[in-house]
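K.L.:
Take a look at the following structure, please.
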2 protein chains.
Amino acid sequence: MSNAYNRPDQLSPELRRRVLDTARRLGYPGPDPVARSLRTRKAGAVGLLLTENLSYAFRDPAAIGFLEGLALACEDAGTGLLLVPANPEREDVASVHRAGVDGFVVYSVPDDDPHLAAVLERPVPTVVCDQPDLGTVDRVGIDDRGAMYELARHLIGLGHRRIGVVCMRLARDRNDGFVTPDRQHAAHFHVQRNRLSGLAEAFSEAGVDWSQVPVVERFDHNMASGASGAAQVLDRDPQVTALICTSDVLALGALDEAARRGLRVPHDITVTGFDGIRAGEEAGLTTVRQPVLEKGRAAGKLLLDAAERSRPRSVNLATELIIGKTSAGPRGGAEERWFGP
Amino acid sequence: MSNAYNRPDQLSPELRRRVLDTARRLGYPGPDPVARSLRTRKAGAVGLLLTENLSYAFRDPAAIGFLEGLALACEDAGTGLLLVPANPEREDVASVHRAGVDGFVVYSVPDDDPHLAAVLERPVPTVVCDQPDLGTVDRVGIDDRGAMYELARHLIGLGHRRIGVVCMRLARDRNDGFVTPDRQHAAHFHVQRNRLSGLAEAFSEAGVDWSQVPVVERFDHNMASGASGAAQVLDRDPQVTALICTSDVLALGALDEAARRGLRVPHDITVTGFDGIRAGEEAGLTTVRQPVLEKGRAAGKLLLDAAERSRPRSVNLATELIIGKTSAGPRGGAEERWFGP
DNA sequence: AATTGGTTCTGAACCGTTACGGTCCTTTCA
DNA sequence: TGAAAGGACCGTAACGGTTCAGAACCAATT
């Protein structure tokens with residue numbers, strides 16, 4: 001029976017035809033995929049866990065790029081890609097338990113996320129992305145800290161000392177407002193924590209008292225948040241010469257807010273982002289480009305190669321500092337370069 | 001055992017604790033989702049079948065919108081969303097057979113696609129989207145023909161009689177070039193066939209000989225195709241006053257090509273699209289807006305409500321004609337309105 | 001003391017498939 | 001002609017859970 005469908009070489013064409021015929025006559029719809037999966041211990045799919053509402057993945061350009069890369073890798077391997085619903089509001093981990101998959105990719109969730117914990121308990125290979133290295137599972141990411149450090153050095157070189165920062169959410173609780181150093185340090189989102197720490201390091205080295213730098217957090221990740229975050233920084237300190245955003249989406253919002261206030265970029269104020277999305281490129285945004293598609297593809301490859309069960313691997317992809325048209329020396333002041341201590 | 005995990009009320013807390021304890025001690029990772037699915041006959045996921053490489057879904061704005069809507073519906077229901085790899089090149093239907101899902105959503109595949117046939121053979125509820133009404137399964141879509149007819153009437157009202165068309169692929173075989181009336185009529189992509197037929201009807205009514213209208217087909221769906229398609233039309237007949245594209249992405253490419261040729265839009269030439277994507281909106285494109293997100297959501301709802309197994313439903317969503325800045329009367333000629341026969 | 005009712009717990013059947021090993025039949029070669 | 005070899009076919013045992021019937025137990029009622 002099974003052979004008739006899956007292994008035509010194991011039986012005569014005669015019998016095969018007869019079996020298939022009667023199967024059809026009896027209304028047999030073909031082998032049941034779930035039963036097959038149980039028996040063969042292969043689900044033919046990998047699960048993707050994201051921190052956000054499923055639909056968010058389709059609204060954030062960087063997430064879309066990641067998904068595209070991951071889908072590419074799955075496609076190559078003929079595997080399905082199961083988007084696991086993990087509503088961050090409810091602590092409903094059942095969806096993770098219910099997912100019939102051969103492995104998980106976990107993309108940018110807070111390190112204390114219960115869904116992540118649930119995934120790690122499942123006895124399947126896992127790849128975490130944009131997360132701290134857990135030591136027990138594969139990881140793919142970038143050097144967020146180093147990349148942001150480099151961007152900061154660029155701004156410092158231009159002469160910026162009085163800056164403001166707009167960042168994405170740092171933890172699972174909503175905190176739309178200024179961020180204490182404590183909260184920065186304890187941030188549960190690995191990516192944001194490292195980007196901020198790269199900034200802090202560079203500016204501290206340049207003699208800036210980091211604890212005095214206004215850092216504004218926004219829970220929602222969209223342009224409106226970038227705009228209102230920028231507004232909050234500018235209201236607190238209208239003298240800032242540079243607005244550093246931890247994502248391009250936020251930076252595009254900040255550009256909107258600058259325009260609304262009649263500030264010319266980069267003459268009156270410098271704005272920078274992070275990610276290297278298309279819309280940012282078109283706006284000439286100074287940013288750090290990260291290979292989002294490659295990240296997704298690498299995660300997929302890592303997961304699907306898990307056959308060679310060596311010890312957990314950790315790959316860092318290269319980033320590139322893009323100097324666009326939104327950064328320049330502080331207004332008025334002569335372009336003052338900084339050459340280190 | 002099962003009860004200890006899933007039905008805490010069925011046994012004493014004492015026993016439950018003991019069972020869970022020994023389970024942990026024995027390294028039992030919790031109930032196996034696949035085995036559970038087999039027994040309960042519920043996979044907790046819906047499958048999505050697209051005509052294109054999986055990764056394409058993340059590159060086309062309309063597809064992304066659809067996915068977002070579908071993901072939203074799945075999220076509400078706590079179901080997973082399985083992207084089924086259906087490489088259109090290979091006729092490899094196995095992925096459809098292997099998918100452990102409770103139902104399928106089929107999005108814009110050619111009506112002779114073997115994957116679609118495979119889905120229809122599976123004994124699970126199915127919703128087709130942007131497909132002809134099969135009568136046997138639920139359907140969601142728009143009135144492509146009517147919407148395009150309306151757009152055509154707008155152009156006819158502006159005075160356009162000499163037009164060219166750039167459309168997406170009409171069948172599974174690649175045909176980058178002019179399209180015969182036969183091929184138009186026999187097109188396997190329901191959406192494209194109906195959009196073209198809406199155009200043909202309106203312009204025929206206006207006295208235009210449709211068989212003389214240059215219609216160019218492009219297999220790949222991106223801006224470059226739109227540009228080269230527009231170029232091919234303009235090379236054949238430099239006198240056309242309007243370029244009608246069957247998608248916004250193609251239209252944006254056509255705008256590029258017009259600019260390259262020094263044609264001012266809409267003064268020298270009118271360009272129209274279809275879909276109502278963000279980038280088109282920003283470009284002021286005249287187009288038909290269709291509610292892509294709603295389409296996805298409706299498809300998901302239809303599938304997940306399938307409990308009430310009434311007869312197959314068919315829903316049409318409303319579209320809206322958007323008159324942008326890319327359409328105007330033909331150059332030189334006085335704006336000449338057409339009031340019907 | 002026996003019956004009733006209710007709760008907690010145990011065991012077995014089943015979901016549909018694939019893997020495996022055994023039987024049977026045919027062919028080949030000494 | 002008989003033995004060995006090989007191919008085709010078939011039956012059965014898991015895979016790991018859920019469900020459900022009924023056993024066992026305890027308390028309360030007749």
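Chain identifiers are assigned as A, B, and so on, following the order in which chains appear in the structure tokens; residues are numbered from 1 within each chain, and ligands are numbered from 1 in order of appearance.
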Write out as a PyMOL selection string the set of residues from range 128-220 of chain B that DSSP, computed on the backbone, places in alpha helix (DSSP H).
P.N.:
chain B and resi 144-158+181-185+190-205
K.L.:
Taking only residues of chain A that have an atom at most 9 Å from an atom of chain D, what is each one's shortest atom pair and its distance in Å to one decimal, using only C-alpha atoms (C1' of nucleotides), in chain and number order, as JSON lines?
P.N.:
{"residue": "A:Gln10", "atom": "CA", "partner": "D:DA8", "partner_atom": "C1'", "distance": 7.8}
{"residue": "A:Leu11", "atom": "CA", "partner": "D:DA8", "partner_atom": "C1'", "distance": 6.3}
{"residue": "A:Ser12", "atom": "CA", "partner": "D:DA8", "partner_atom": "C1'", "distance": 7.3}
{"residue": "A:Ala35", "atom": "CA", "partner": "D:DC15", "partner_atom": "C1'", "distance": 8.8}
{"residue": "A:Leu38", "atom": "CA", "partner": "D:DC15", "partner_atom": "C1'", "distance": 5.8}
{"residue": "A:Arg39", "atom": "CA", "partner": "D:DC15", "partner_atom": "C1'", "distance": 4.9}
{"residue": "A:Thr40", "atom": "CA", "partner": "D:DC15", "partner_atom": "C1'", "distance": 7.9}
{"residue": "A:Arg41", "atom": "CA", "partner": "D:DC15", "partner_atom": "C1'", "distance": 8.0}
K.L.:
For the selection just defined, write its residues with C-alpha atoms to a file, as a CSV table (one decimal), in the first residue's frame.
P.N.:
chain,number,residue,atom,x,y,z
A,10,GLN,CA,9.2,-2.3,-4.9
A,11,LEU,CA,6.3,-3.8,-6.7
A,12,SER,CA,5.1,-4.7,-10.2
A,35,ALA,CA,0.6,9.7,10.3
A,38,LEU,CA,4.7,10.3,13.2
A,39,ARG,CA,6.1,7.1,11.7
A,40,THR,CA,9.1,8.7,9.9
A,41,ARG,CA,9.8,11.2,12.7
K.L.:
Quick one: which residues from chain A are at most 12 Å off chain C, using only C-alpha atoms (C1' of nucleotides), as a VMD selection string?
P.N.:
chain A and resid 1 to 3 5 to 7 28 to 41
K.L.:
Export N, CA and C atoms of the chosen residues as a CSV table (one decimal), in the first residue's frame?
P.N.:
chain,number,residue,atom,x,y,z
A,1,MET,N,0.8,-1.2,0.0
A,1,MET,CA,0.0,0.0,0.0
A,1,MET,C,0.9,1.3,0.0
A,2,SER,N,1.6,1.4,1.1
A,2,SER,CA,2.5,2.5,1.2
A,2,SER,C,3.5,2.5,0.0
A,3,ASN,N,3.9,1.3,-0.4
A,3,ASN,CA,4.8,1.2,-1.5
A,3,ASN,C,4.3,1.6,-2.8
A,5,TYR,N,2.4,4.0,-3.4
A,5,TYR,CA,2.5,5.4,-3.5
A,5,TYR,C,4.0,5.9,-3.5
A,6,ASN,N,4.8,5.3,-2.6
A,6,ASN,CA,6.1,5.9,-2.4
A,6,ASN,C,7.2,5.2,-3.0
A,7,ARG,N,7.1,3.9,-3.3
A,7,ARG,CA,8.2,3.1,-3.8
A,7,ARG,C,7.8,2.2,-5.0
A,28,TYR,N,-10.0,6.6,-1.2
A,28,TYR,CA,-8.8,6.8,-0.4
A,28,TYR,C,-8.0,8.1,-0.9
A,29,PRO,N,-7.8,9.0,0.0
A,29,PRO,CA,-7.3,10.3,-0.4
A,29,PRO,C,-5.7,10.3,-0.4
A,30,GLY,N,-5.1,9.2,-0.4
A,30,GLY,CA,-3.6,9.2,-0.3
A,30,GLY,C,-3.1,9.2,1.1
A,31,PRO,N,-1.9,8.8,1.3
A,31,PRO,CA,-1.3,8.7,2.6
A,31,PRO,C,-1.5,9.9,3.4
A,32,ASP,N,-1.8,9.8,4.7
A,32,ASP,CA,-2.0,10.9,5.6
A,32,ASP,C,-0.7,11.5,6.0
A,33,PRO,N,-0.5,12.7,5.8
A,33,PRO,CA,0.8,13.3,6.1
A,33,PRO,C,1.2,13.3,7.6
A,34,VAL,N,0.2,13.4,8.4
A,34,VAL,CA,0.5,13.5,9.8
A,34,VAL,C,0.9,12.1,10.3
A,35,ALA,N,0.2,11.1,9.9
A,35,ALA,CA,0.6,9.7,10.3
A,35,ALA,C,2.0,9.4,9.7
A,36,ARG,N,2.2,9.8,8.5
A,36,ARG,CA,3.5,9.6,8.0
A,36,ARG,C,4.6,10.3,8.8
A,37,SER,N,4.3,11.5,9.2
A,37,SER,CA,5.3,12.2,10.0
A,37,SER,C,5.6,11.5,11.3
A,38,LEU,N,4.5,11.0,11.9
A,38,LEU,CA,4.7,10.3,13.2
A,38,LEU,C,5.6,9.1,13.0
A,39,ARG,N,5.4,8.4,11.9
A,39,ARG,CA,6.1,7.1,11.7
A,39,ARG,C,7.6,7.5,11.3
A,40,THR,N,7.8,8.4,10.5
A,40,THR,CA,9.1,8.7,9.9
A,40,THR,C,9.9,9.7,10.8
A,41,ARG,N,9.2,10.3,11.8
A,41,ARG,CA,9.8,11.2,12.7
A,41,ARG,C,10.4,12.4,11.9
K.L.:
Any idea which chain A residues end up within 8 Å of chain B if we count only C-alpha atoms, as a PyMOL selection string please?
P.N.:
chain A and resi 29-35+37-38+43-44+53-59+64-65+67-69+71-72+74-75+78-85+87+95+97-100+121-123
K.L.:
Just the residues within 9 Å of Val166 in chain A, please, counting only C-alpha atoms (C1' of nucleotides), with nothing from its chain fewer than 2 positions along; format it as a PDB file with N, CA and C atoms, in the first residue's frame.
P.N.:
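That gives us around-v5.pdb:
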ATOM      1  N   GLY A 164      21.092  62.792  20.840  1.00  0.00           N
ATOM      2  CA  GLY A 164      19.932  62.145  21.427  1.00  0.00           C
ATOM      3  C   GLY A 164      19.723  60.809  20.729  1.00  0.00           C
ATOM      4  N   MET A 168      14.298  51.160  19.929  1.00  0.00           N
ATOM      5  CA  MET A 168      13.134  50.283  19.954  1.00  0.00           C
ATOM      6  C   MET A 168      12.923  49.759  21.371  1.00  0.00           C
ATOM      7  N   PRO A 214      20.020  62.004  26.383  1.00  0.00           N
ATOM      8  CA  PRO A 214      18.610  61.589  26.367  1.00  0.00           C
ATOM      9  C   PRO A 214      18.395  60.388  25.447  1.00  0.00           C
ATOM     10  N   VAL A 215      17.927  59.306  26.039  1.00  0.00           N
ATOM     11  CA  VAL A 215      17.609  58.091  25.275  1.00  0.00           C
ATOM     12  C   VAL A 215      16.115  57.834  25.423  1.00  0.00           C
ATOM     13  N   VAL A 216      15.425  57.834  24.304  1.00  0.00           N
ATOM     14  CA  VAL A 216      13.974  57.636  24.332  1.00  0.00           C
ATOM     15  C   VAL A 216      13.624  56.280  23.742  1.00  0.00           C
ATOM     16  N   GLU A 217      12.726  55.601  24.420  1.00  0.00           N
ATOM     17  CA  GLU A 217      12.321  54.264  23.987  1.00  0.00           C
ATOM     18  C   GLU A 217      10.914  54.318  23.404  1.00  0.00           C
ATOM     19  N   ARG A 218      10.688  53.490  22.397  1.00  0.00           N
ATOM     20  CA  ARG A 218       9.341  53.366  21.832  1.00  0.00           C
ATOM     21  C   ARG A 218       8.987  51.895  21.691  1.00  0.00           C
ATOM     22  N   GLY A 226       9.064  56.756  15.546  1.00  0.00           N
ATOM     23  CA  GLY A 226      10.308  57.473  15.315  1.00  0.00           C
ATOM     24  C   GLY A 226      10.092  58.968  15.419  1.00  0.00           C
ATOM     25  N   GLY A 229       9.291  59.937  19.046  1.00  0.00           N
ATOM     26  CA  GLY A 229      10.507  59.784  19.845  1.00  0.00           C
ATOM     27  C   GLY A 229      11.457  60.946  19.613  1.00  0.00           C
ATOM     28  N   ALA A 230      11.628  61.293  18.346  1.00  0.00           N
ATOM     29  CA  ALA A 230      12.488  62.423  18.010  1.00  0.00           C
ATOM     30  C   ALA A 230      11.952  63.688  18.661  1.00  0.00           C
ATOM     31  N   VAL A 233      12.844  63.837  22.297  1.00  0.00           N
ATOM     32  CA  VAL A 233      14.248  64.200  22.501  1.00  0.00           C
ATOM     33  C   VAL A 233      14.442  65.698  22.279  1.00  0.00           C
ATOM     34  N   LEU A 243      20.598  62.996  15.949  1.00  0.00           N
ATOM     35  CA  LEU A 243      19.609  62.048  16.452  1.00  0.00           C
ATOM     36  C   LEU A 243      19.998  60.663  15.953  1.00  0.00           C
ATOM     37  N   ILE A 244      20.338  59.804  16.884  1.00  0.00           N
ATOM     38  CA  ILE A 244      20.737  58.451  16.500  1.00  0.00           C
ATOM     39  C   ILE A 244      19.572  57.518  16.775  1.00  0.00           C
ATOM     40  N   CYS A 245      19.119  56.839  15.740  1.00  0.00           N
ATOM     41  CA  CYS A 245      17.994  55.910  15.906  1.00  0.00           C
ATOM     42  C   CYS A 245      18.515  54.490  15.735  1.00  0.00           C
ATOM     43  N   THR A 246      17.933  53.553  16.462  1.00  0.00           N
ATOM     44  CA  THR A 246      18.460  52.190  16.394  1.00  0.00           C
ATOM     45  C   THR A 246      17.830  51.379  15.269  1.00  0.00           C
ATOM     46  N   SER A 247      17.025  52.032  14.435  1.00  0.00           N
ATOM     47  CA  SER A 247      16.537  51.350  13.234  1.00  0.00           C
ATOM     48  C   SER A 247      16.224  52.398  12.169  1.00  0.00           C
ATOM     49  N   LEU A 250      12.625  53.938  12.476  1.00  0.00           N
ATOM     50  CA  LEU A 250      12.571  55.037  13.442  1.00  0.00           C
ATOM     51  C   LEU A 250      13.226  56.285  12.857  1.00  0.00           C
ATOM     52  N   ALA A 251      14.332  56.094  12.170  1.00  0.00           N
ATOM     53  CA  ALA A 251      15.051  57.244  11.618  1.00  0.00           C
ATOM     54  C   ALA A 251      14.207  57.969  10.573  1.00  0.00           C
ATOM     55  N   ALA A 254      11.967  60.068  12.351  1.00  0.00           N
ATOM     56  CA  ALA A 254      12.686  61.219  12.894  1.00  0.00           C
ATOM     57  C   ALA A 254      12.893  62.283  11.818  1.00  0.00           C
TER      58      ALA A 254
END
K.L.:
Taking the backbone alone, and naming residues the way the document does, which bits of range 81-311 of chain B are strand (DSSP E) by DSSP, as a short mmCIF file (atom, residue, chain, number, x, y, z; two decimals) with C-alpha atoms, in the first residue's frame?
P.N.:
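See selection-v6.cif below for the written result:
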data_model
loop_
_atom_site.label_atom_id
_atom_site.label_comp_id
_atom_site.auth_asym_id
_atom_site.auth_seq_id
_atom_site.Cartn_x
_atom_site.Cartn_y
_atom_site.Cartn_z
CA LEU B 81 0.53 29.26 8.98
CA LEU B 82 2.52 26.81 6.90
CA LEU B 83 4.13 28.14 3.75
CA VAL B 84 4.18 25.20 1.38
CA PHE B 104 -5.38 25.17 2.43
CA VAL B 105 -5.42 28.68 1.10
CA VAL B 106 -4.45 28.85 -2.53
CA TYR B 107 -3.32 32.24 -3.71
CA THR B 126 -9.80 24.88 0.92
CA VAL B 127 -10.15 28.51 0.03
CA VAL B 128 -8.97 29.76 -3.33
CA CYS B 129 -8.06 33.36 -3.79
CA ASP B 138 -14.74 28.60 -0.99
CA ARG B 139 -13.45 31.53 -2.97
CA VAL B 140 -12.45 35.09 -2.23
CA GLY B 141 -11.47 37.67 -4.78
CA ILE B 142 -12.48 40.89 -6.45
CA ILE B 163 -3.31 52.52 -25.96
CA GLY B 164 -0.84 49.84 -25.02
CA VAL B 165 -0.98 47.23 -22.31
CA VAL B 166 1.65 45.57 -20.14
CA CYS B 167 0.44 42.53 -18.25
CA GLY B 177 6.56 39.59 -25.71
CA PHE B 178 3.38 40.41 -27.54
CA VAL B 215 -0.45 43.82 -25.35
CA VAL B 216 2.90 42.84 -23.93
CA GLU B 217 3.40 40.05 -21.43
CA ALA B 242 -1.82 55.60 -22.50
CA LEU B 243 0.04 52.65 -21.02
CA ILE B 244 -2.22 50.41 -19.00
CA CYS B 245 -0.42 48.01 -16.69
CA THR B 270 -0.78 58.39 -19.24
CA VAL B 271 0.27 55.42 -17.10
CA THR B 272 -2.03 53.33 -14.91
CA THR B 287 -4.84 52.74 -10.28
CA VAL B 288 -7.46 50.43 -8.85
CA ARG B 289 -7.06 49.90 -5.15
#
K.L.:
Which distance in Å separates CA of Leu285 in chain B and CA of Arg169 in chain B, to one decimal?
P.N.:
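Interatomic distance here is 21.7 Å.
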K.L.:
May I ask for the distance between CA of Ala152 in chain A and CA of Phe203 in chain A, given in Å to one decimal place?
P.N.:
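Between CA of Ala152 in chain A and CA of Phe203 in chain A the gap works out to 7.1 Å.
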K.L.:
Taking 5 positions as the minimum chain separation for residues in the same chain, which residues sit within 7 Å of range 183-196 of chain B when counting only C-alpha atoms (C1' of nucleotides)? Answer as a PyMOL selection string.
P.N.:
chain B and resi 109-112+130-132+144-145+148+168+170-171
K.L.:
One decimal, in Å: what's the spacing between CA of Gly146 in chain B and CA of Ser314 in chain B?
P.N.:
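If I compute the distance from CA of Gly146 in chain B to CA of Ser314 in chain B, I get 16.4 Å.
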